[in-house]
$ cat model-v5.cif   # mmCIF, C-alpha atoms and all ligand atoms
data_data
#
loop_
_atom_site.label_atom_id
_atom_site.label_comp_id
_atom_site.auth_asym_id
_atom_site.auth_seq_id
_atom_site.Cartn_x
_atom_site.Cartn_y
_atom_site.Cartn_z
CA MET A 1 0.00 0.00 0.00
CA ARG A 2 1.31 3.41 -0.92
CA SER A 3 1.54 5.53 2.21
CA PRO A 4 4.21 7.57 4.00
CA LEU A 5 4.72 4.50 6.17
CA THR A 6 5.76 2.31 3.25
CA ASN A 7 7.73 5.03 1.43
CA PRO A 8 11.03 3.47 0.33
CA PHE A 9 12.73 6.82 -0.37
CA GLN A 10 14.82 8.28 2.42
CA ALA A 11 15.84 11.90 2.02
CA GLY A 12 18.65 13.04 4.22
CA SER A 13 19.03 10.17 6.60
CA ASP A 14 22.26 8.42 7.44
CA VAL A 15 20.90 4.95 6.70
CA VAL A 16 21.61 3.14 3.47
CA PRO A 17 18.71 4.04 1.17
CA ASP A 18 16.51 1.20 -0.09
CA VAL A 19 16.38 2.75 -3.53
CA TRP A 20 20.04 2.66 -4.45
CA ALA A 21 21.52 4.28 -7.54
CA GLY A 22 24.89 3.87 -9.21
CA ARG A 23 28.31 4.10 -7.50
CA THR A 24 29.14 0.81 -9.17
CA GLU A 25 32.79 1.76 -9.58
CA GLN A 26 33.26 2.33 -5.85
CA LEU A 27 31.26 -0.76 -4.87
CA SER A 28 33.22 -2.97 -7.21
CA ASP A 29 36.46 -1.46 -5.93
CA TRP A 30 35.47 -2.88 -2.54
CA HIS A 31 34.18 -6.22 -3.76
CA GLN A 32 36.72 -6.89 -6.53
CA VAL A 33 39.87 -5.16 -5.33
CA LEU A 34 40.12 -3.87 -1.80
CA ARG A 35 38.49 -6.72 0.12
CA PRO A 36 39.94 -9.65 -1.82
CA ARG A 37 43.44 -8.17 -1.80
CA ARG A 38 43.55 -7.28 1.89
CA ARG A 39 41.98 -10.60 2.77
CA ALA A 40 44.70 -12.40 0.78
CA GLY A 41 47.40 -10.49 2.66
CA LEU A 42 48.23 -8.15 -0.22
CA TYR A 43 48.78 -4.45 0.18
CA GLU A 44 46.10 -1.94 -0.73
CA THR A 45 45.95 1.69 0.35
CA GLY A 46 43.17 3.11 2.44
CA ARG A 47 40.40 4.93 0.58
CA THR A 48 39.45 8.55 1.09
CA ILE A 49 36.07 9.46 -0.37
CA LEU A 50 35.35 13.16 -0.55
CA GLY A 51 32.55 15.18 -2.08
CA GLU A 52 30.25 18.15 -1.66
CA PRO A 53 27.43 17.86 0.92
CA GLY A 54 24.83 15.26 0.04
CA THR A 55 26.79 13.44 -2.67
CA GLY A 56 26.36 10.19 -0.79
CA LYS A 57 29.77 9.64 0.80
CA SER A 58 28.45 8.32 4.11
CA SER A 59 25.78 6.19 2.44
CA LEU A 60 28.31 4.64 0.10
CA VAL A 61 30.62 3.49 2.85
CA ARG A 62 27.71 2.38 5.05
CA ARG A 63 26.54 0.26 2.13
CA ILE A 64 30.03 -1.22 1.81
CA ALA A 65 30.12 -1.84 5.57
CA ARG A 66 26.72 -3.52 5.42
CA ASP A 67 27.81 -5.80 2.58
CA ALA A 68 30.96 -6.57 4.58
CA ALA A 69 29.06 -7.35 7.80
CA GLU A 70 26.78 -9.69 5.86
CA VAL A 71 29.73 -11.90 4.94
CA GLY A 72 31.07 -11.88 8.49
CA ASP A 73 33.57 -9.03 8.35
CA TRP A 74 34.20 -6.91 11.42
CA VAL A 75 33.02 -3.38 10.75
CA THR A 76 32.95 -0.26 12.86
CA PRO A 77 29.88 1.92 12.84
CA GLN A 78 30.15 5.24 11.03
CA LEU A 79 32.65 7.02 13.29
CA ARG A 80 31.64 10.65 12.88
CA MET A 81 34.17 13.22 13.93
CA PRO A 82 32.32 16.12 15.55
CA THR A 83 34.06 19.51 15.36
CA GLY A 84 36.57 19.89 18.13
CA ALA A 85 36.12 16.38 19.49
CA ASP A 86 39.05 14.12 20.17
CA PRO A 87 39.21 11.63 17.28
CA LEU A 88 41.30 9.25 19.28
CA LYS A 89 38.67 8.59 21.95
CA ILE A 90 36.05 7.76 19.36
CA ILE A 91 38.29 5.49 17.32
CA ALA A 92 39.85 3.78 20.32
CA SER A 93 36.39 2.95 21.70
CA ALA A 94 35.26 1.53 18.38
CA VAL A 95 38.38 -0.61 17.97
CA LEU A 96 37.96 -1.89 21.54
CA ARG A 97 34.44 -2.96 20.71
CA LEU A 98 35.68 -4.86 17.66
CA ALA A 99 38.39 -6.42 19.81
CA ASP A 100 35.76 -7.57 22.31
CA GLY A 101 33.68 -9.04 19.51
CA ALA A 102 36.75 -10.84 18.19
CA GLY A 103 37.33 -12.42 21.57
CA LEU A 104 40.68 -10.74 22.22
CA ARG A 105 39.98 -10.65 25.93
CA ALA A 106 40.26 -14.41 25.98
CA SER A 107 43.51 -14.28 24.03
CA THR A 108 46.47 -16.17 25.39
CA ARG A 109 48.93 -14.08 23.40
CA ARG A 110 51.41 -12.27 25.56
CA GLY A 111 50.69 -8.68 26.38
CA VAL A 112 47.21 -8.51 24.85
CA LEU A 113 45.36 -7.83 28.11
CA ASP A 114 47.86 -5.17 28.98
CA LEU A 115 47.40 -3.62 25.56
CA LEU A 116 43.60 -3.64 25.94
CA ALA A 117 43.99 -1.84 29.24
CA ARG A 118 46.22 0.77 27.63
CA VAL A 119 43.75 1.43 24.83
CA GLU A 120 40.91 1.63 27.36
CA GLN A 121 42.85 4.37 29.03
CA VAL A 122 43.24 6.10 25.67
CA ALA A 123 39.49 5.84 25.06
CA VAL A 124 38.97 7.80 28.26
CA THR A 125 41.70 10.41 28.11
CA GLY A 126 42.15 10.59 24.35
CA PHE A 127 44.84 12.65 22.78
CA SER A 128 44.84 15.04 25.69
CA VAL A 129 47.43 17.64 26.54
CA THR A 130 48.56 15.58 29.51
CA THR A 131 49.26 12.38 27.60
CA ARG A 132 50.97 14.33 24.85
CA GLY A 133 53.78 15.52 27.06
CA ALA A 134 53.89 12.46 29.26
CA ASP A 135 56.52 9.75 29.23
CA GLY A 136 55.76 6.35 27.82
CA PRO A 137 54.41 5.33 24.43
CA GLU A 138 52.17 7.73 22.55
CA PRO A 139 48.46 6.92 22.76
CA PHE A 140 48.43 6.32 19.03
CA THR A 141 51.03 3.62 19.38
CA ALA A 142 48.65 1.71 21.63
CA LEU A 143 45.89 2.08 19.05
CA PHE A 144 48.21 0.85 16.30
CA GLU A 145 49.28 -2.15 18.37
CA LEU A 146 45.69 -3.08 19.11
CA LEU A 147 44.81 -2.81 15.42
CA VAL A 148 47.64 -5.22 14.68
CA GLU A 149 46.29 -7.69 17.27
CA LEU A 150 42.81 -7.31 15.83
CA GLY A 151 44.20 -7.93 12.36
CA GLN A 152 45.92 -11.10 13.56
CA ALA A 153 42.67 -12.36 15.04
CA ALA A 154 40.93 -11.51 11.76
CA ILE A 155 43.46 -13.62 9.85
CA GLU A 156 42.66 -16.58 12.10
CA GLN A 157 38.92 -16.15 11.66
CA ASP A 158 39.13 -15.22 7.97
CA ALA A 159 37.41 -11.87 8.39
CA VAL A 160 38.30 -8.40 7.15
CA VAL A 161 38.31 -5.44 9.54
CA VAL A 162 36.61 -2.34 8.11
CA ILE A 163 37.17 1.03 9.76
CA HIS A 164 35.00 3.96 8.64
CA VAL A 165 35.94 7.43 9.86
CA ASP A 166 33.38 10.00 8.69
CA GLU A 167 33.43 13.83 8.61
CA VAL A 168 37.22 13.77 8.64
CA GLN A 169 37.34 17.47 7.74
CA ASN A 170 36.27 18.20 11.31
CA ILE A 171 39.49 16.94 12.86
CA GLY A 172 40.93 20.35 13.61
CA ASP A 173 43.83 19.39 15.83
CA GLU A 174 46.83 19.05 13.53
CA ALA A 175 48.81 16.76 15.77
CA ALA A 176 45.84 14.50 16.46
CA LEU A 177 45.06 14.26 12.74
CA SER A 178 48.58 13.43 11.73
CA GLN A 179 48.95 10.86 14.51
CA LEU A 180 45.65 9.25 13.62
CA LEU A 181 46.62 8.97 9.97
CA ILE A 182 49.97 7.50 10.95
CA ALA A 183 48.34 4.89 13.22
CA LEU A 184 45.92 3.87 10.47
CA GLY A 185 48.55 4.08 7.72
CA ASP A 186 51.04 2.03 9.73
CA THR A 187 48.39 -0.62 10.28
CA LEU A 188 47.80 -0.80 6.53
CA SER A 189 51.47 -1.23 5.72
CA HIS A 190 52.31 -3.51 8.65
CA GLU A 191 53.36 -7.03 7.80
CA VAL A 192 53.14 -10.12 9.98
CA GLU A 193 54.62 -13.59 9.64
CA VAL A 194 52.17 -16.40 9.07
CA ALA A 195 52.78 -20.11 8.86
CA VAL A 196 52.21 -21.74 5.52
CA PRO A 197 51.18 -25.34 4.85
CA GLY A 198 54.22 -27.55 4.52
CA GLY A 199 56.18 -25.55 7.06
CA GLY A 200 57.91 -22.21 7.09
CA THR A 201 56.47 -18.72 7.25
CA VAL A 202 55.73 -15.88 4.86
CA SER A 203 54.95 -12.27 5.59
CA ARG A 204 51.62 -10.81 4.72
CA HIS A 205 49.61 -7.65 5.30
CA LEU A 206 46.72 -7.50 7.72
CA PRO A 207 43.14 -7.92 6.50
CA VAL A 208 42.28 -4.36 7.49
CA ALA A 209 40.56 -1.80 5.26
CA VAL A 210 40.18 1.88 6.11
CA TYR A 211 37.68 4.33 4.65
CA LEU A 212 37.85 8.04 5.39
CA THR A 213 34.89 10.14 4.23
CA GLY A 214 34.17 13.85 4.38
CA LEU A 215 33.96 17.18 2.65
CA PRO A 216 36.58 18.23 0.08
CA ASP A 217 37.92 20.68 2.67
CA PHE A 218 39.86 17.72 3.99
CA GLU A 219 41.97 17.94 0.85
CA ASP A 220 42.91 21.51 1.82
CA MET A 221 44.37 20.52 5.12
CA ALA A 222 47.96 21.07 4.12
CA GLY A 223 50.01 18.04 3.20
CA ALA A 224 52.26 18.60 6.17
CA ARG A 225 49.37 18.40 8.59
CA LYS A 226 48.39 15.02 7.31
CA GLY A 227 51.97 13.90 6.98
CA ALA A 228 53.73 12.38 4.02
CA THR A 229 52.36 8.96 4.84
CA PHE A 230 48.87 10.13 4.02
CA ALA A 231 49.49 10.70 0.33
CA ARG A 232 51.13 7.31 -0.01
CA ARG A 233 48.78 5.27 2.09
CA PHE A 234 45.38 6.65 1.15
CA ARG A 235 43.88 7.07 -2.28
CA THR A 236 41.38 9.87 -2.75
CA THR A 237 38.25 9.69 -4.87
CA THR A 238 35.91 12.63 -5.32
CA LEU A 239 32.28 11.65 -5.66
CA GLY A 240 30.40 13.56 -8.32
CA PRO A 241 26.71 13.49 -9.19
CA LEU A 242 24.97 10.33 -10.38
CA ASP A 243 24.38 9.76 -14.09
CA GLU A 244 20.83 10.12 -15.27
CA GLY A 245 21.10 6.51 -16.45
CA ASP A 246 21.93 5.35 -12.92
CA ILE A 247 18.84 7.06 -11.56
CA LEU A 248 16.58 5.59 -14.24
CA GLU A 249 18.03 2.17 -13.54
CA ALA A 250 17.36 2.59 -9.83
CA LEU A 251 13.72 3.37 -10.62
CA GLN A 252 13.34 0.53 -13.10
CA PRO A 253 12.05 -1.93 -10.45
CA PHE A 254 9.13 0.46 -9.85
CA VAL A 255 8.44 0.76 -13.57
CA ILE A 256 8.58 -2.91 -14.49
CA ALA A 257 7.60 -5.17 -11.60
CA GLY A 258 6.43 -2.60 -9.09
CA TRP A 259 7.86 -2.01 -5.62
CA GLU A 260 6.60 -4.44 -3.02
CA THR A 261 5.01 -2.92 0.05
CA PRO A 262 3.18 -4.49 2.95
CA GLY A 263 -0.56 -4.16 2.40
CA GLU A 264 -3.54 -4.88 4.62
CA HIS A 265 -3.97 -8.33 6.19
CA GLY A 266 -0.35 -9.22 5.51
CA VAL A 267 -0.67 -9.33 1.73
CA VAL A 268 2.02 -7.78 -0.42
CA GLU A 269 0.91 -4.93 -2.67
CA THR A 270 3.05 -3.46 -5.37
CA VAL A 271 3.40 0.21 -6.22
CA ARG A 272 4.35 1.05 -9.78
CA MET A 273 5.69 4.14 -11.44
CA ASP A 274 4.96 5.57 -14.88
CA PRO A 275 8.05 5.70 -17.07
CA ALA A 276 7.31 9.42 -17.47
CA ALA A 277 7.34 9.81 -13.69
CA ALA A 278 10.72 8.09 -13.47
CA ARG A 279 12.09 10.39 -16.16
CA ALA A 280 10.72 13.42 -14.31
CA ILE A 281 12.42 12.35 -11.08
CA ALA A 282 15.69 11.84 -12.92
CA ALA A 283 15.44 15.23 -14.60
CA LEU A 284 14.45 17.20 -11.49
CA SER A 285 17.05 15.68 -9.21
CA CYS A 286 19.95 16.61 -11.54
CA GLY A 287 22.04 13.65 -10.40
CA GLU A 288 22.15 14.73 -6.75
CA PRO A 289 21.54 11.67 -4.55
CA PHE A 290 19.83 13.76 -1.90
CA LEU A 291 17.47 15.37 -4.43
CA PHE A 292 16.76 11.97 -5.94
CA GLN A 293 15.53 10.71 -2.58
CA LEU A 294 13.63 13.94 -1.99
CA ALA A 295 11.86 13.87 -5.37
CA GLY A 296 10.95 10.21 -4.97
CA GLN A 297 9.78 10.63 -1.41
CA ARG A 298 7.52 13.57 -2.21
CA ALA A 299 6.06 11.98 -5.33
CA TRP A 300 5.18 8.86 -3.35
CA ASN A 301 3.52 10.82 -0.56
CA VAL A 302 1.36 12.96 -2.84
CA GLY A 303 -1.21 10.25 -3.50
CA THR A 304 -2.39 6.78 -2.61
CA ALA A 305 -2.99 5.36 -6.10
CA PRO A 306 -0.96 2.23 -6.88
CA VAL A 307 0.85 4.02 -9.72
CA VAL A 308 3.08 7.05 -9.17
CA SER A 309 2.37 9.42 -12.04
CA GLU A 310 4.29 12.26 -13.60
CA ASP A 311 1.78 14.66 -12.06
CA ASP A 312 2.59 13.21 -8.64
CA VAL A 313 6.26 13.92 -9.23
CA VAL A 314 5.59 17.51 -10.23
CA ALA A 315 3.14 18.11 -7.39
CA GLY A 316 5.49 16.53 -4.87
CA TRP A 317 8.46 18.52 -6.12
CA ARG A 318 6.55 21.78 -5.69
CA GLY A 319 6.55 21.18 -1.96
CA ALA A 320 10.25 20.37 -2.04
CA GLU A 321 11.51 23.36 -4.02
CA GLY A 322 12.68 25.17 -0.93
CA GLU A 323 14.71 22.18 0.19
CA ALA A 324 16.13 21.73 -3.29
CA SER A 325 17.26 25.37 -3.38
CA ALA A 326 18.70 25.08 0.11
CA HIS A 327 20.67 22.02 -1.00
CA VAL A 328 22.38 23.90 -3.82
CA GLU A 329 22.86 27.02 -1.71
CA ARG A 330 24.59 24.90 0.89
CA ILE A 331 27.08 23.84 -1.78
CA LEU A 332 27.53 27.36 -3.18
CA ASN A 333 27.75 29.17 0.13
CA ARG A 334 30.49 26.94 1.42
CA LEU A 335 32.73 27.92 -1.48
CA PRO A 336 35.44 30.54 -1.09
CA PRO A 337 34.24 33.81 -2.71
CA ARG A 338 36.53 33.41 -5.71
CA GLU A 339 35.17 29.96 -6.58
CA HIS A 340 31.62 31.16 -6.09
CA GLU A 341 32.23 34.12 -8.44
CA PHE A 342 33.84 31.79 -10.94
CA LEU A 343 30.71 29.64 -11.11
CA ARG A 344 28.45 32.65 -11.48
CA ALA A 345 30.60 34.07 -14.27
CA MET A 346 30.70 30.70 -15.99
CA ALA A 347 26.93 30.37 -15.73
CA SER A 348 26.43 33.81 -17.26
CA LEU A 349 28.07 32.65 -20.52
CA PRO A 350 26.42 30.49 -23.17
CA PRO A 351 27.64 26.88 -22.80
CA ALA A 352 29.76 26.96 -25.96
CA GLU A 353 31.61 30.08 -24.80
CA ARG A 354 32.70 28.86 -21.39
CA THR A 355 36.45 29.09 -21.85
CA LEU A 356 38.83 30.07 -19.09
CA ASN A 357 39.62 33.41 -20.73
CA ALA A 358 35.97 34.25 -21.28
CA ILE A 359 35.19 33.40 -17.66
CA ALA A 360 38.10 35.58 -16.53
CA GLU A 361 36.82 38.43 -18.65
CA ALA A 362 33.31 38.07 -17.20
CA MET A 363 34.93 38.39 -13.76
CA GLY A 364 36.77 41.54 -14.82
CA LEU A 365 40.17 39.88 -14.86
CA ALA A 366 42.88 40.37 -17.48
CA SER A 367 43.52 36.72 -18.26
CA GLY A 368 42.49 33.18 -17.49
CA ALA A 369 45.93 32.45 -16.10
CA GLN A 370 44.88 34.22 -12.90
CA LEU A 371 42.13 31.64 -12.44
CA GLY A 372 44.27 28.55 -12.82
CA PRO A 373 44.17 27.34 -9.19
CA THR A 374 40.49 28.29 -8.81
CA SER A 375 39.36 26.31 -11.83
CA GLN A 376 41.58 23.40 -10.93
CA ARG A 377 40.08 23.16 -7.45
CA LEU A 378 36.53 23.35 -8.75
CA ASP A 379 37.37 20.44 -11.00
CA THR A 380 39.63 18.04 -9.15
CA VAL A 381 38.92 18.86 -5.51
CA ARG A 382 35.20 19.56 -5.69
CA GLY A 383 34.01 17.87 -8.83
CA VAL A 384 31.72 20.81 -9.64
CA VAL A 385 33.06 21.67 -13.11
CA SER A 386 35.11 19.87 -15.71
CA ARG A 387 37.84 21.78 -17.48
CA GLY A 388 37.22 20.58 -21.01
CA LYS A 389 37.01 22.73 -24.08
CA PRO A 390 34.76 24.49 -23.29
CA TYR A 391 34.35 24.20 -19.52
CA ALA A 392 31.20 22.40 -18.41
CA PHE A 393 29.29 21.95 -15.17
CA ARG A 394 29.64 18.50 -13.69
CA ASN A 395 27.28 19.40 -10.88
CA ARG A 396 24.06 19.63 -12.85
CA ALA A 397 22.05 20.98 -9.91
CA VAL A 398 24.44 23.91 -9.54
CA GLU A 399 24.18 24.54 -13.27
CA ALA A 400 20.38 24.35 -13.26
CA TYR A 401 20.17 26.64 -10.25
CA LEU A 402 22.47 29.28 -11.75
CA THR A 403 21.20 29.19 -15.33
CA THR A 404 17.47 28.36 -15.19
CA ASP A 405 14.40 28.70 -12.98
CA TRP A 406 15.13 25.30 -11.43
CA PRO A 407 14.01 24.09 -8.91
CA ARG A 408 10.83 25.89 -9.93
CA THR A 409 8.81 23.98 -12.50
CA ALA A 410 6.62 25.72 -15.06
N1 LIG B 501 23.90 5.79 -4.25
C1 LIG B 501 22.78 6.36 -3.80
N2 LIG B 501 21.59 6.09 -4.34
C2 LIG B 501 20.47 6.67 -3.89
N3 LIG B 501 20.45 7.57 -2.89
C3 LIG B 501 21.59 7.90 -2.30
C4 LIG B 501 22.83 7.31 -2.71
N4 LIG B 501 23.82 7.82 -1.94
C5 LIG B 501 23.23 8.67 -1.09
N5 LIG B 501 21.90 8.74 -1.29
C6 LIG B 501 20.97 9.59 -0.55
O1 LIG B 501 21.44 10.92 -0.62
C7 LIG B 501 21.33 11.56 0.65
C8 LIG B 501 22.68 12.06 1.09
O2 LIG B 501 23.54 10.97 1.33
P1 LIG B 501 24.70 11.03 2.40
O3 LIG B 501 24.20 11.53 3.69
O4 LIG B 501 25.38 9.72 2.36
O5 LIG B 501 25.63 12.13 1.74
P2 LIG B 501 26.98 12.73 2.30
O6 LIG B 501 27.83 12.95 1.11
O7 LIG B 501 27.52 11.88 3.38
O8 LIG B 501 26.49 14.13 2.85
P3 LIG B 501 27.13 15.06 3.99
O9 LIG B 501 28.28 15.78 3.34
O10 LIG B 501 26.01 15.99 4.32
O11 LIG B 501 27.56 14.17 5.12
C9 LIG B 501 20.68 10.56 1.57
O12 LIG B 501 19.31 10.85 1.62
C10 LIG B 501 20.92 9.22 0.92
O13 LIG B 501 19.87 8.35 1.19
MG MG B 502 27.88 12.26 5.37
#

$ encode --input "model-v5.cif" --output "structure tokens" --more "lines below"
Ligand SMILES: Nc1ncnc2c1ncn2[C@@H]1O[C@H](COP(=O)(O)OP(=O)(O)OP(=O)(O)O)[C@@H](O)[C@H]1O
Ligand SMILES: [Mg+2]
Amino acid sequence: MRSPLTNPFQAGSDVVPDVWAGRTEQLSDWHQVLRPRRRAGLYETGRTILGEPGTGKSSLVRRIARDAAEVGDWVTPQLRMPTGADPLKIIASAVLRLADGAGLRASTRRGVLDLLARVEQVAVTGFSVTTRGADGPEPFTALFELLVELGQAAIEQDAVVVIHVDEVQNIGDEAALSQLLIALGDTLSHEVEVAVPGGGTVSRHLPVAVYLTGLPDFEDMAGARKGATFARRFRTTTLGPLDEGDILEALQPFVIAGWETPGEHGVVETVRMDPAAARAIAALSCGEPFLFQLAGQRAWNVGTAPVVSEDDVVAGWRGAEGEASAHVERILNRLPPREHEFLRAMASLPPAERTLNAIAEAMGLASGAQLGPTSQRLDTVRGVVSRGKPYAFRNRAVEAYLTTDWPRTA
């Protein structure tokens, strides 16, 4: 039955959405590369996934973590870094919980109980001023050592440890950030000796995978702050918008078979969607995962008929226009003034004339050379434009907002 209660679209929540679109490259990186390689003892870097607000960074890694948990891997929850909080406390607590789950407390290996006690202490005091100056091993060393123990246990139980640190751009303390990245990076590159059938030992890497997610601002935190190990041990991907094709594919189950919902008296009822409605959702949401969920959610809630129509999509969207504008404004208003001006100047030109020099001229500058770093950041760091010939908007919602009446519909 079609009702708000059975609505499968989830706008703006931190749970993995039921109606999933695209990101096949990143999912197959996990399933085909990262997991199998780390599980086999081979080296793979950590993954850093950055993107503008609402591009689906958290959802993507939660989906990966869910897939991992389903096959028995040991995954942390989404470890969000609140501004100003001590990252070490949060991560130490999460790793302790995994260690408990792995049965490390019953371990007969030398020093493990002592190590657990040390990390427990870290989970309480964190990377505090007192421990920083104190004698004895750094708190991050204890975390690293515990991760190594956890990795060893994972080898024995044939599981992969998945650590997900979210909102990494909020880690403001330079020393804490660099130490955290070193502890995680050292875990990734650490090798242990394992016995092989027939006698003898070989060295292998630990079955540990690390995902860092957050806003592109993380990229700005100067290289030195993150340390040289960061660049070598983590590979950064910037998430852009979804393709229209991905969105249509995600809606295809509604169009063809219908989406199953619980009906009255325990019977399953299906809700279908007109192909025109699916196309309207894809067009209005401009590839933004958040707007995709929003458009779908509103269209569903507009009526109770078993088929979602194009009119439902349009009527639902009308009530969501404010949120759609706010979404794009959140992206634009976070930009440094120069980048914001760049986008406005670019939008003021006809698509075929969007060259760097023409954009510079529209901004009252002498030459495009002055905009080199700005345009580069908008492309590689933010994924908002692509610097082809001519320049084009990759973020289609930003383009629609700056060049048309969108999100208003006629
Ligand atoms: N692949 C996807 N398919 C469908 N919907 C998605 C997908 N990824 C994310 N979403 C939806 O988009 C919205 C934003 O996702 P999410 O919170 O993961 O983004 P984020 O990049 O982590 O945002 P923020 O920067 O605000 O933390 C959510 O409503 C989520 O359900
Ligand atoms: Mg997020």

$ atom_distance --input "model-v5.cif" --atom1 "atom CA of A:Thr187" --atom2 "atom CA of A:Asp220"
24.3 Å

$ residues_near_ligand --input "model-v5.cif" --ligand "ligand LIG 501 (chain B)" --cutoff "9 Å" --atoms "only C-alpha atoms and all ligand atoms" --output "PyMOL selection string"
chain A and resi 9-24+50-63+166-167+213-215+239+242+246-247+250+288-294

$ write_last_selection --input "model-v5.cif" --atoms "C-alpha atoms" --output "mmCIF file, keeping the file's coordinate frame"
data_model
loop_
_atom_site.group_PDB
_atom_site.id
_atom_site.type_symbol
_atom_site.label_atom_id
_atom_site.label_comp_id
_atom_site.auth_asym_id
_atom_site.auth_seq_id
_atom_site.Cartn_x
_atom_site.Cartn_y
_atom_site.Cartn_z
ATOM 1 C CA PHE A 9 12.730 6.820 -0.370
ATOM 2 C CA GLN A 10 14.820 8.280 2.420
ATOM 3 C CA ALA A 11 15.840 11.900 2.020
ATOM 4 C CA GLY A 12 18.650 13.040 4.220
ATOM 5 C CA SER A 13 19.030 10.170 6.600
ATOM 6 C CA ASP A 14 22.260 8.420 7.440
ATOM 7 C CA VAL A 15 20.900 4.950 6.700
ATOM 8 C CA VAL A 16 21.610 3.140 3.470
ATOM 9 C CA PRO A 17 18.710 4.040 1.170
ATOM 10 C CA ASP A 18 16.510 1.200 -0.090
ATOM 11 C CA VAL A 19 16.380 2.750 -3.530
ATOM 12 C CA TRP A 20 20.040 2.660 -4.450
ATOM 13 C CA ALA A 21 21.520 4.280 -7.540
ATOM 14 C CA GLY A 22 24.890 3.870 -9.210
ATOM 15 C CA ARG A 23 28.310 4.100 -7.500
ATOM 16 C CA THR A 24 29.140 0.810 -9.170
ATOM 17 C CA LEU A 50 35.350 13.160 -0.550
ATOM 18 C CA GLY A 51 32.550 15.180 -2.080
ATOM 19 C CA GLU A 52 30.250 18.150 -1.660
ATOM 20 C CA PRO A 53 27.430 17.860 0.920
ATOM 21 C CA GLY A 54 24.830 15.260 0.040
ATOM 22 C CA THR A 55 26.790 13.440 -2.670
ATOM 23 C CA GLY A 56 26.360 10.190 -0.790
ATOM 24 C CA LYS A 57 29.770 9.640 0.800
ATOM 25 C CA SER A 58 28.450 8.320 4.110
ATOM 26 C CA SER A 59 25.780 6.190 2.440
ATOM 27 C CA LEU A 60 28.310 4.640 0.100
ATOM 28 C CA VAL A 61 30.620 3.490 2.850
ATOM 29 C CA ARG A 62 27.710 2.380 5.050
ATOM 30 C CA ARG A 63 26.540 0.260 2.130
ATOM 31 C CA ASP A 166 33.380 10.000 8.690
ATOM 32 C CA GLU A 167 33.430 13.830 8.610
ATOM 33 C CA THR A 213 34.890 10.140 4.230
ATOM 34 C CA GLY A 214 34.170 13.850 4.380
ATOM 35 C CA LEU A 215 33.960 17.180 2.650
ATOM 36 C CA LEU A 239 32.280 11.650 -5.660
ATOM 37 C CA LEU A 242 24.970 10.330 -10.380
ATOM 38 C CA ASP A 246 21.930 5.350 -12.920
ATOM 39 C CA ILE A 247 18.840 7.060 -11.560
ATOM 40 C CA ALA A 250 17.360 2.590 -9.830
ATOM 41 C CA GLU A 288 22.150 14.730 -6.750
ATOM 42 C CA PRO A 289 21.540 11.670 -4.550
ATOM 43 C CA PHE A 290 19.830 13.760 -1.900
ATOM 44 C CA LEU A 291 17.470 15.370 -4.430
ATOM 45 C CA PHE A 292 16.760 11.970 -5.940
ATOM 46 C CA GLN A 293 15.530 10.710 -2.580
ATOM 47 C CA LEU A 294 13.630 13.940 -1.990
#

$ closest_residue --input "model-v5.cif" --among "A:Val314, A:Ala283, A:Val165, A:Ala305" --to "ligand MG 502 (chain B)" --atoms "only C-alpha atoms and all ligand atoms"
A:Val165

$ atom_distance --input "model-v5.cif" --atom1 "atom CA of A:Pro216" --atom2 "atom CA of A:Ala400"
21.9 Å

$ atom_distance --input "model-v5.cif" --atom1 "atom CA of A:Glu260" --atom2 "atom CA of A:Val308"
13.5 Å

$ residues_around --input "model-v5.cif" --residues "A:Arg204" --least-positions-apart "4" --cutoff "6 Å" --atoms "all atoms listed in the file" --output "PDB file with C-alpha atoms, keeping the file's coordinate frame"
ATOM      1  CA  GLY A  41      47.400 -10.490   2.660  1.00  0.00           C
ATOM      2  CA  GLU A 191      53.360  -7.030   7.800  1.00  0.00           C
ATOM      3  CA  VAL A 192      53.140 -10.120   9.980  1.00  0.00           C
TER       4      VAL A 192
END

$ closest_residue --input "model-v5.cif" --among "A:Ala176, A:Leu212, A:Val33, A:Leu27" --to "ligand MG 502 (chain B)" --atoms "all atoms listed in the file"
A:Leu212

$ closest_residue --input "model-v5.cif" --among "A:Glu44, A:Leu150, A:Gln169, A:Glu156" --to "ligand MG 502 (chain B)" --atoms "only C-alpha atoms and all ligand atoms"
A:Gln169

$ residues_around --input "model-v5.cif" --residues "A:Asp73" --least-positions-apart "2" --cutoff "6 Å" --atoms "only C-alpha atoms" --output "list in words"
Ala68, Ala69, Val71, Ala159 and Val160 of chain A

$ residues_around --input "model-v5.cif" --residues "A:Ala92" --least-positions-apart "4" --cutoff "10 Å" --atoms "only C-alpha atoms" --output "list of chain:residue names"
A:Pro87, A:Leu88, A:Leu96, A:Arg97, A:Leu98, A:Val119, A:Glu120, A:Gln121, A:Val122, A:Ala123, A:Val124, A:Gly126, A:Pro139, A:Phe140, A:Ala142, A:Leu143, A:Phe144, A:Leu146, A:Leu147

$ residues_around --input "model-v5.cif" --residues "A:Thr83" --least-positions-apart "6" --cutoff "8 Å" --atoms "only C-alpha atoms" --output "list in words"
Asn170, Ile171 and Gly172 of chain A

$ closest_residue --input "model-v5.cif" --among "A:Val168, A:Glu353, A:Asp29, A:Leu104" --to "ligand MG 502 (chain B)" --atoms "all atoms listed in the file"
A:Val168

$ residues_around --input "model-v5.cif" --residues "A:Ser367" --least-positions-apart "5" --cutoff "10 Å" --atoms "all atoms listed in the file" --output "PyMOL selection string"
chain A and resi 356-361+372
